[in-house]
Amino acid sequence: MSDKNQSRDTFGSKFGVIAAAAGSAVGLGNIWKFPYIAGIYGGAAFLFVYLAFIVAIGLPVMLSELIIGRKSQRNAFGAFKVLAPGTPWKYIGILGVSAAFLILSFYGVVAGWSIQYIILSVKDGFSSKSPEEITSLFTALTESPVKPVILQLTFMLITGAIVIIGVKKGIEKYTKILMPVLVVILIGLSIKSVSLEGAKAGLDFLFKPDFSKLTGDGVLSALGHAFFTLSLGMGTLITYGSYISKNNNLVSTVIQVTIADTVIAILAGIAIFPAVFAFGIAPTEGPGLIFITLPNVFHQMPGGFVFSILFFVLLTVAALTSSISILEVVVAYFKEEFNMGRKGATYLATILISILGVLCSLSMGVLSPYTFFGLNFFDLMDWISANLLLPIGGLFIAVFVGWFFGRKKVREESANGGKLSGVALSAFIFLVKFIAPIAIAIVLMNKVGLLNF
Ligand code: PFF
C-alpha cells in the first residue's frame with residue numbers, strides 16, 4: 001500500500017465498491033440506533049419521515065459526495081481545494097473531519113458494549129437472570145470506569161489495524177466477506193421474531209403510522225438519522241468516492257447502497273419490535289433497547305443462546321465495517337494534507353479519537369454529573385454530530401454540487417458514457433439545488449426556533 005501522495009489506493013472491483021460503501025452505511029445506526037429512536041419518536045410515523053428524507057435528501061447527497069470524491073481524487077478537505085481553489089468551500093471538509101472525531105468517539109463505546117455482550121452470550125450469561133438482573137447487568141457495564149474503556153480501546157485497536165492495511169487489502173476484503181453474512185443472520189433473526197406469539201403489535205407499531213405522535217425533535221432526528229445511517233454529510237463517501245475507478249457506475253452504486261441500508265434498518269426493526277412487544281417490553285427504552293431487552297427476549301426463546309451470540313457478533317461486525325470508514329476520513333485527511341504515511345496517520349487518528357472515546361465512556365458513569373445542555377458527553381457527541389454537523393455538511397455539499405459545480409461537470413462525472421441523462425440528471429440537479437438544501441434548512445431553523453411548526 002502506498003505511503004504519501006504519489007499513488008492513490010483504489011477499490012479493486014465493482015462488488016468491492018458496493019460492499020465497502022454499504023459496509024460503511026450499515027452499522028450501529030441501523031441496528032442499535034434506528035430501533036431505539038424509532039421507538040422514542042412514535043414508530044411508524046418516524047419511519048415514514050425518515051424514508052422520505054432518505055429518498056429526497058439521502059440519495060442526491062450520496063451521489064454528490066461520490067461525484068466530488070471521484071472527480072477530485074482527494075480526501076474530504078482536499079477535494080474542495082482541488083475543485084474550488086482559493087475558496088472557503090474547503091471548510092466543509094474540516095466540518096466533516098470534526099464530525100468523524102465526534103462520531104467515532106461514541107461509536108467505539110457502543111461497539112465495545114457489543115463485544116462484551118458477545119462474551120456474555122458465549123458464557124450463557126443471560127439464561128439464569130431475571131429481567132431486573134439483565135437491566136442491572138447493562139447499567140453496571142456502562143457505568144463501570146474500567147471494563148467499557150478497555151473494550152472501547154480494543155475495538156479502536158482492531159479498527160486501526162484494518163485501516164493500516166489500507167483500502168484495498170483492508171476495507172474492501174473484510175467488508176466483502178462480512179456484509180453478506182450479516183444479511184443472512186438478520187433475516188434468520190427476523191423470521192424468528194415475527195413467528196413469536198403477540199408479534200403483530202410490534203409490526204403495527206413499526207408500520208402503522210400515527211403522525212400525531214411526531215414532534216419537531218422527531219423530524220430533526222429523522223433527518224439526522226438519514227445522514228448518519230447512510231454515512232453522509234462528513235465526507236466518508238467523498239473519501240471512498242476518491243478510491244472508485246472511473247468506469248464504475250456511481251448512480252447504480254448509490255441506489256444499491258441506499259436500498260441495502262434501508263432494507264437492513266427495516267429488517268432490524270422487524271427483528272426487534274415484534275419480539276419487544278411479544279415479551280411486553282417498552283419500545284421507548286432508549287439507547288439500552290437492544291442491550292437491555294434483547295437478552296430478555298433471547299433467554300425466553302428456544303434457541304436463544306445461539307441467536308444471542310449471532311446477534312452480537314453481527315452487531316460488532318457491522319460496527320467494524322462502519323468504524324473503518326469513519327477512521328479513513330481522518331486518516332486520508334492527515335495523509336494527504338500533512339503528507340504523512342498511512343501508518344503514522346492511522347496511529348495519530350486512532351489515539352486522538354480513543355482519548356475522546358474514553359471521555360464518552362466515562363460520561364456514562366463517573367463523569368455523569370458533568371452535563372452540557374442537559375446531555376452527558378456521550379449524548380452530546382451523538383447529538384452535535386448527527387443532528388447538527390451532518391445535516392449542515394449535507395446542506396453545503398448539495399449546494400456545492402447544485403449551484404457551483406455545474407450541470408456539465410455533474411453529467412460528465414456521473415454519466416460514464418450517458419448512463420445518467422435526461423430526466424434523471426434533471427431530477428438530480430433539482431433535488432440538490434432546491435429540495436435538499438431547503439428541506440434541511442427548514443428542519444434546522446425549526447429546531448433553533450427561527451421557524452415554528
Ligand atoms: N452509517 C453508520 C451506521 O449507520 O452505523 C455510521 C456512520 C458511518 C456515520 C460513517 C457517518 C459516517 F461517515
# chains A, B, ... in the order shown; residues from 1 in each chain; ligands from 1
>>> residues_near_ligand(ligand="ligand 1", cutoff="8 Å", atoms="only C-alpha atoms and all ligand atoms", output="PyMOL selection string")
chain A and resi 24-31+33+99-100+103+107+227-237+318-319+322-323+325-326+329
>>> write_last_selection(atoms="N, CA, C and O atoms", output="tab-separated table (two decimals), in the first residue's frame")
chain	number	residue	atom	x	y	z
A	24	SER	N	-19.97	0.66	5.14
A	24	SER	CA	-19.92	1.92	5.89
A	24	SER	C	-21.31	2.32	6.35
A	24	SER	O	-21.53	2.70	7.49
A	25	ALA	N	-22.26	2.23	5.44
A	25	ALA	CA	-23.63	2.68	5.75
A	25	ALA	C	-24.27	1.80	6.82
A	25	ALA	O	-24.85	2.28	7.79
A	26	VAL	N	-24.17	0.49	6.64
A	26	VAL	CA	-24.84	-0.42	7.56
A	26	VAL	C	-23.99	-0.59	8.82
A	26	VAL	O	-22.83	-1.00	8.75
A	27	GLY	N	-24.55	-0.24	9.96
A	27	GLY	CA	-23.77	-0.35	11.20
A	27	GLY	C	-24.65	-0.22	12.42
A	27	GLY	O	-25.84	-0.55	12.39
A	28	LEU	N	-24.05	0.32	13.49
A	28	LEU	CA	-24.80	0.53	14.72
A	28	LEU	C	-26.01	1.42	14.46
A	28	LEU	O	-27.03	1.32	15.14
A	29	GLY	N	-25.90	2.31	13.46
A	29	GLY	CA	-27.00	3.20	13.12
A	29	GLY	C	-28.25	2.41	12.77
A	29	GLY	O	-29.36	2.76	13.19
A	30	ASN	N	-28.10	1.34	12.01
A	30	ASN	CA	-29.26	0.54	11.58
A	30	ASN	C	-29.79	-0.33	12.70
A	30	ASN	O	-30.99	-0.50	12.87
A	31	ILE	N	-28.87	-0.93	13.47
A	31	ILE	CA	-29.29	-2.00	14.37
A	31	ILE	C	-29.45	-1.53	15.81
A	31	ILE	O	-30.37	-1.93	16.50
A	33	LYS	N	-29.21	2.13	16.74
A	33	LYS	CA	-29.81	3.47	16.87
A	33	LYS	C	-31.21	3.56	16.25
A	33	LYS	O	-32.11	4.16	16.85
A	99	ALA	N	-16.62	15.95	12.50
A	99	ALA	CA	-17.75	15.03	12.74
A	99	ALA	C	-17.23	13.61	12.91
A	99	ALA	O	-17.72	12.84	13.74
A	100	ALA	N	-16.21	13.25	12.11
A	100	ALA	CA	-15.65	11.90	12.20
A	100	ALA	C	-15.09	11.64	13.61
A	100	ALA	O	-15.30	10.58	14.19
A	103	ILE	N	-18.18	11.30	16.05
A	103	ILE	CA	-18.97	10.07	15.86
A	103	ILE	C	-18.20	8.84	16.33
A	103	ILE	O	-18.71	8.02	17.08
A	107	TYR	N	-19.15	5.94	19.01
A	107	TYR	CA	-19.40	4.71	18.26
A	107	TYR	C	-18.56	3.55	18.82
A	107	TYR	O	-19.04	2.43	18.98
A	227	PHE	N	-28.89	11.00	7.54
A	227	PHE	CA	-27.49	11.25	7.23
A	227	PHE	C	-26.58	10.23	7.91
A	227	PHE	O	-25.67	9.68	7.30
A	228	PHE	N	-26.83	10.01	9.19
A	228	PHE	CA	-25.98	9.10	9.97
A	228	PHE	C	-25.98	7.70	9.36
A	228	PHE	O	-24.93	7.10	9.14
A	229	THR	N	-27.17	7.21	9.08
A	229	THR	CA	-27.25	5.81	8.62
A	229	THR	C	-26.65	5.61	7.24
A	229	THR	O	-26.11	4.55	6.94
A	230	LEU	N	-26.72	6.64	6.38
A	230	LEU	CA	-26.12	6.50	5.05
A	230	LEU	C	-24.67	6.97	5.01
A	230	LEU	O	-24.06	7.04	3.95
A	231	SER	N	-24.11	7.33	6.16
A	231	SER	CA	-22.72	7.84	6.24
A	231	SER	C	-22.53	9.10	5.42
A	231	SER	O	-21.53	9.25	4.72
A	232	LEU	N	-23.48	10.03	5.51
A	232	LEU	CA	-23.40	11.22	4.67
A	232	LEU	C	-23.14	12.48	5.48
A	232	LEU	O	-23.40	12.53	6.67
A	233	GLY	N	-22.66	13.50	4.79
A	233	GLY	CA	-22.54	14.82	5.38
A	233	GLY	C	-21.18	15.11	6.00
A	233	GLY	O	-20.94	16.22	6.46
A	234	MET	N	-20.29	14.12	6.02
A	234	MET	CA	-18.97	14.37	6.61
A	234	MET	C	-17.82	13.89	5.74
A	234	MET	O	-16.68	13.86	6.18
A	235	GLY	N	-18.14	13.55	4.50
A	235	GLY	CA	-17.05	13.25	3.58
A	235	GLY	C	-16.58	11.81	3.55
A	235	GLY	O	-15.60	11.48	2.90
A	236	THR	N	-17.29	10.91	4.23
A	236	THR	CA	-16.92	9.49	4.15
A	236	THR	C	-17.02	9.03	2.69
A	236	THR	O	-16.14	8.35	2.18
A	237	LEU	N	-18.11	9.43	2.05
A	237	LEU	CA	-18.28	8.97	0.67
A	237	LEU	C	-17.55	9.86	-0.34
A	237	LEU	O	-17.42	9.49	-1.50
A	318	ALA	N	-20.91	-5.30	12.02
A	318	ALA	CA	-21.50	-4.15	11.32
A	318	ALA	C	-20.86	-2.86	11.80
A	318	ALA	O	-20.60	-1.94	11.01
A	319	ALA	N	-20.57	-2.80	13.09
A	319	ALA	CA	-19.92	-1.61	13.65
A	319	ALA	C	-18.53	-1.43	13.07
A	319	ALA	O	-18.10	-0.33	12.74
A	322	SER	N	-18.26	-0.04	9.57
A	322	SER	CA	-18.55	1.40	9.56
A	322	SER	C	-17.43	2.19	10.20
A	322	SER	O	-17.03	3.24	9.69
A	323	SER	N	-16.90	1.67	11.32
A	323	SER	CA	-15.87	2.45	12.01
A	323	SER	C	-14.62	2.61	11.15
A	323	SER	O	-13.97	3.64	11.19
A	325	SER	N	-14.59	3.05	8.03
A	325	SER	CA	-14.84	4.14	7.06
A	325	SER	C	-14.79	5.51	7.73
A	325	SER	O	-14.43	6.50	7.11
A	326	ILE	N	-15.16	5.57	9.02
A	326	ILE	CA	-15.10	6.85	9.72
A	326	ILE	C	-13.63	7.22	9.96
A	326	ILE	O	-13.19	8.34	9.72
A	329	VAL	N	-11.71	8.64	6.97
A	329	VAL	CA	-11.88	10.07	6.65
A	329	VAL	C	-10.75	10.88	7.28
A	329	VAL	O	-10.12	11.72	6.63
>>> residues_around(residues="Gly78 (chain A)", least_positions_apart="6", cutoff="8 Å", atoms="only C-alpha atoms", output="PDB file with all heavy atoms, in the first residue's frame")
ATOM      1  N   LYS A  90     -13.476  24.592   1.286  1.00  0.00           N
ATOM      2  CA  LYS A  90     -12.700  23.522   1.930  1.00  0.00           C
ATOM      3  C   LYS A  90     -13.075  23.330   3.403  1.00  0.00           C
ATOM      4  O   LYS A  90     -12.888  22.264   3.969  1.00  0.00           O
ATOM      5  CB  LYS A  90     -11.206  23.768   1.813  1.00  0.00           C
ATOM      6  CG  LYS A  90     -10.712  25.087   2.374  1.00  0.00           C
ATOM      7  CD  LYS A  90      -9.193  25.166   2.203  1.00  0.00           C
ATOM      8  CE  LYS A  90      -8.613  26.452   2.758  1.00  0.00           C
ATOM      9  NZ  LYS A  90      -8.822  27.630   1.900  1.00  0.00           N
ATOM     10  N   GLY A  93     -14.914  20.387   4.524  1.00  0.00           N
ATOM     11  CA  GLY A  93     -14.079  19.222   4.821  1.00  0.00           C
ATOM     12  C   GLY A  93     -13.667  19.200   6.286  1.00  0.00           C
ATOM     13  O   GLY A  93     -13.639  18.140   6.921  1.00  0.00           O
ATOM     14  N   TYR A 333      -7.278  12.446   5.406  1.00  0.00           N
ATOM     15  CA  TYR A 333      -7.020  13.879   5.602  1.00  0.00           C
ATOM     16  C   TYR A 333      -5.593  14.104   6.116  1.00  0.00           C
ATOM     17  O   TYR A 333      -4.831  14.888   5.550  1.00  0.00           O
ATOM     18  CB  TYR A 333      -8.062  14.440   6.572  1.00  0.00           C
ATOM     19  CG  TYR A 333      -7.790  15.830   7.083  1.00  0.00           C
ATOM     20  CD1 TYR A 333      -7.869  16.938   6.227  1.00  0.00           C
ATOM     21  CD2 TYR A 333      -7.451  16.049   8.423  1.00  0.00           C
ATOM     22  CE1 TYR A 333      -7.613  18.224   6.705  1.00  0.00           C
ATOM     23  CE2 TYR A 333      -7.210  17.323   8.904  1.00  0.00           C
ATOM     24  CZ  TYR A 333      -7.278  18.405   8.043  1.00  0.00           C
ATOM     25  OH  TYR A 333      -7.028  19.667   8.512  1.00  0.00           O
ATOM     26  N   GLU A 336      -2.955  13.072   3.310  1.00  0.00           N
ATOM     27  CA  GLU A 336      -2.780  13.922   2.130  1.00  0.00           C
ATOM     28  C   GLU A 336      -2.505  15.382   2.461  1.00  0.00           C
ATOM     29  O   GLU A 336      -1.782  16.055   1.729  1.00  0.00           O
ATOM     30  CB  GLU A 336      -4.025  13.817   1.243  1.00  0.00           C
ATOM     31  CG  GLU A 336      -4.148  12.430   0.633  1.00  0.00           C
ATOM     32  CD  GLU A 336      -5.452  12.199  -0.123  1.00  0.00           C
ATOM     33  OE1 GLU A 336      -6.232  13.155  -0.291  1.00  0.00           O
ATOM     34  OE2 GLU A 336      -5.681  11.062  -0.542  1.00  0.00           O
ATOM     35  N   GLU A 337      -3.077  15.865   3.540  1.00  0.00           N
ATOM     36  CA  GLU A 337      -2.901  17.291   3.837  1.00  0.00           C
ATOM     37  C   GLU A 337      -1.646  17.561   4.646  1.00  0.00           C
ATOM     38  O   GLU A 337      -1.121  18.663   4.633  1.00  0.00           O
ATOM     39  CB  GLU A 337      -4.136  17.852   4.564  1.00  0.00           C
ATOM     40  CG  GLU A 337      -5.438  17.716   3.769  1.00  0.00           C
ATOM     41  CD  GLU A 337      -5.338  18.315   2.371  1.00  0.00           C
ATOM     42  OE1 GLU A 337      -4.798  19.435   2.234  1.00  0.00           O
ATOM     43  OE2 GLU A 337      -5.796  17.658   1.403  1.00  0.00           O
TER      44      GLU A 337
END
>>> select_by_dssp(residues="region 301-375 of chain A", states="helix (DSSP H, G or I)", output="NGL selection string")
:A and (304-337 or 342-362)
>>> write_last_selection(atoms="C-alpha atoms", output="JSON list (two decimals), in the first residue's frame")
[["chain", "number", "residue", "atom", "x", "y", "z"],
["A", 304, "GLY", "CA", -31.92, -18.08, 22.23],
["A", 305, "PHE", "CA", -28.36, -18.99, 23.21],
["A", 306, "VAL", "CA", -27.29, -19.31, 19.58],
["A", 307, "PHE", "CA", -29.32, -16.30, 18.46],
["A", 308, "SER", "CA", -27.80, -14.04, 21.06],
["A", 309, "ILE", "CA", -24.26, -14.98, 20.03],
["A", 310, "LEU", "CA", -25.13, -14.45, 16.35],
["A", 311, "PHE", "CA", -26.85, -11.17, 17.03],
["A", 312, "PHE", "CA", -23.99, -9.56, 18.96],
["A", 313, "VAL", "CA", -21.37, -10.87, 16.57],
["A", 314, "LEU", "CA", -23.43, -9.33, 13.77],
["A", 315, "LEU", "CA", -23.66, -6.03, 15.61],
["A", 316, "THR", "CA", -19.91, -5.88, 16.23],
["A", 317, "VAL", "CA", -19.11, -6.79, 12.64],
["A", 318, "ALA", "CA", -21.50, -4.15, 11.32],
["A", 319, "ALA", "CA", -19.92, -1.61, 13.65],
["A", 320, "LEU", "CA", -16.46, -2.51, 12.41],
["A", 321, "THR", "CA", -17.19, -2.06, 8.70],
["A", 322, "SER", "CA", -18.55, 1.40, 9.56],
["A", 323, "SER", "CA", -15.87, 2.45, 12.01],
["A", 324, "ILE", "CA", -13.12, 1.75, 9.49],
["A", 325, "SER", "CA", -14.84, 4.14, 7.06],
["A", 326, "ILE", "CA", -15.10, 6.85, 9.72],
["A", 327, "LEU", "CA", -11.44, 6.47, 10.67],
["A", 328, "GLU", "CA", -10.48, 6.52, 6.99],
["A", 329, "VAL", "CA", -11.88, 10.07, 6.65],
["A", 330, "VAL", "CA", -9.41, 11.32, 9.25],
["A", 331, "VAL", "CA", -6.54, 9.13, 8.02],
["A", 332, "ALA", "CA", -6.94, 10.27, 4.39],
["A", 333, "TYR", "CA", -7.02, 13.88, 5.60],
["A", 334, "PHE", "CA", -3.84, 13.54, 7.72],
["A", 335, "LYS", "CA", -2.14, 11.54, 4.99],
["A", 336, "GLU", "CA", -2.78, 13.92, 2.13],
["A", 337, "GLU", "CA", -2.90, 17.29, 3.84],
["A", 342, "ARG", "CA", -0.70, 5.70, 6.20],
["A", 343, "LYS", "CA", 0.73, 4.11, 9.33],
["A", 344, "GLY", "CA", 1.58, 7.35, 11.11],
["A", 345, "ALA", "CA", -1.73, 8.94, 10.12],
["A", 346, "THR", "CA", -3.65, 5.94, 11.45],
["A", 347, "TYR", "CA", -1.75, 5.86, 14.75],
["A", 348, "LEU", "CA", -2.35, 9.55, 15.32],
["A", 349, "ALA", "CA", -6.06, 9.48, 14.39],
["A", 350, "THR", "CA", -6.73, 6.33, 16.42],
["A", 351, "ILE", "CA", -5.01, 7.69, 19.53],
["A", 352, "LEU", "CA", -6.78, 11.07, 19.41],
["A", 353, "ILE", "CA", -10.22, 9.55, 18.83],
["A", 354, "SER", "CA", -9.65, 6.92, 21.52],
["A", 355, "ILE", "CA", -8.98, 9.66, 24.07],
["A", 356, "LEU", "CA", -12.31, 11.31, 23.24],
["A", 357, "GLY", "CA", -13.88, 7.87, 23.38],
["A", 358, "VAL", "CA", -12.61, 7.31, 26.92],
["A", 359, "LEU", "CA", -14.39, 10.52, 27.95],
["A", 360, "CYS", "CA", -17.59, 9.30, 26.26],
["A", 361, "SER", "CA", -17.37, 6.01, 28.09],
["A", 362, "LEU", "CA", -16.68, 7.59, 31.47]]
>>> atom_distance(atom1="CA of Gly394 (chain A)", atom2="CA of Val97 (chain A)")
13.4 Å
>>> atom_distance(atom1="CA of Leu153 (chain A)", atom2="CA of Val181 (chain A)")
25.3 Å
>>> residues_around(residues="Leu51 (chain A)", least_positions_apart="3", cutoff="12 Å", atoms="only C-alpha atoms", output="ChimeraX atom specification")
/A:34,38,44-48,54-59,207,219,222-223,225-227,229-230,258-259,261-263,265-266
>>> residues_around(residues="region 195-203 of chain A", least_positions_apart="2", cutoff="8 Å", atoms="only C-alpha atoms", output="list in words")
Ile191, Lys192, Ser193, Phe205, Leu206, Phe207, Lys208, Ile270, Phe273, Pro274, Ala275, Val276, Phe277 and Ala278 of chain A
>>> closest_residue(among="A:Glu285, A:Glu413, A:Asp9, A:Asp382", to="Gly224 (chain A)", atoms="only C-alpha atoms")
A:Asp382
>>> atom_distance(atom1="CA of Phe291 (chain A)", atom2="CA of Thr139 (chain A)")
9.8 Å
>>> residues_around(residues="Phe126 (chain A)", least_positions_apart="6", cutoff="12 Å", atoms="only C-alpha atoms", output="list in words")
Tyr117, Ile118, Ile119, Leu120, Glu132, Glu133, Ile134, Thr135, Ser136, Leu137, Phe138, Phe291, Ile292, Thr293, Leu294, Pro295, Asn296, Val297, Phe298, His299, Gln300, Met301, Gly304, Phe305, Ser308 and Ile309 of chain A
>>> closest_residue(among="A:Ile164, A:Met156, A:Ile281, A:Leu214", to="Tyr41 (chain A)", atoms="only C-alpha atoms")
A:Leu214
>>> closest_atom_pairs(of="region 167-279 of chain A", to="region 62-73 of chain A", cutoff="6 Å", atoms="only C-alpha atoms", output="tab-separated table")
residue	atom	partner	partner_atom	distance
A:Leu237	CA	A:Glu65	CA	5.5
A:Ile238	CA	A:Gly69	CA	4.0
A:Thr239	CA	A:Gly69	CA	5.8
A:Gly241	CA	A:Leu66	CA	4.4
A:Ser242	CA	A:Arg70	CA	4.2
>>> closest_residue(among="A:Ile92, A:Ala424, A:Val183, A:Ala268", to="Gly393 (chain A)", atoms="only C-alpha atoms")
A:Ile92
>>> residues_around(residues="Trp113 (chain A)", least_positions_apart="4", cutoff="8 Å", atoms="only C-alpha atoms", output="PyMOL selection string")
chain A and resi 109+117+141-142+148+151-152
>>> write_last_selection(atoms="N, CA and C atoms", output="PDB file, in the first residue's frame")
ATOM      1  N   VAL A 109     -17.519   3.219  21.795  1.00  0.00           N
ATOM      2  CA  VAL A 109     -18.024   2.807  23.109  1.00  0.00           C
ATOM      3  C   VAL A 109     -19.155   1.790  22.946  1.00  0.00           C
ATOM      4  N   TYR A 117     -21.140  -8.127  25.113  1.00  0.00           N
ATOM      5  CA  TYR A 117     -22.347  -8.952  25.004  1.00  0.00           C
ATOM      6  C   TYR A 117     -22.108 -10.231  24.200  1.00  0.00           C
ATOM      7  N   LEU A 141     -22.339  -2.392  33.520  1.00  0.00           N
ATOM      8  CA  LEU A 141     -21.283  -2.350  32.496  1.00  0.00           C
ATOM      9  C   LEU A 141     -21.030  -0.917  32.055  1.00  0.00           C
ATOM     10  N   THR A 142     -22.091  -0.203  31.665  1.00  0.00           N
ATOM     11  CA  THR A 142     -21.893   1.132  31.094  1.00  0.00           C
ATOM     12  C   THR A 142     -21.372   2.129  32.139  1.00  0.00           C
ATOM     13  N   PRO A 148     -15.689  -0.978  30.169  1.00  0.00           N
ATOM     14  CA  PRO A 148     -16.087  -0.444  28.863  1.00  0.00           C
ATOM     15  C   PRO A 148     -14.973   0.349  28.198  1.00  0.00           C
ATOM     16  N   LEU A 151     -12.777  -2.223  26.543  1.00  0.00           N
ATOM     17  CA  LEU A 151     -13.472  -2.766  25.363  1.00  0.00           C
ATOM     18  C   LEU A 151     -13.465  -1.756  24.214  1.00  0.00           C
ATOM     19  N   GLN A 152     -13.693  -0.493  24.545  1.00  0.00           N
ATOM     20  CA  GLN A 152     -13.688   0.542  23.509  1.00  0.00           C
ATOM     21  C   GLN A 152     -12.304   0.647  22.872  1.00  0.00           C
TER      22      GLN A 152
END
>>> residues_around(residues="region 398-405 of chain A", least_positions_apart="3", cutoff="9 Å", atoms="only C-alpha atoms", output="PyMOL selection string")
chain A and resi 57+60-61+64-65+67-68+83-84+89+393-395+408-410+428-434+436-437
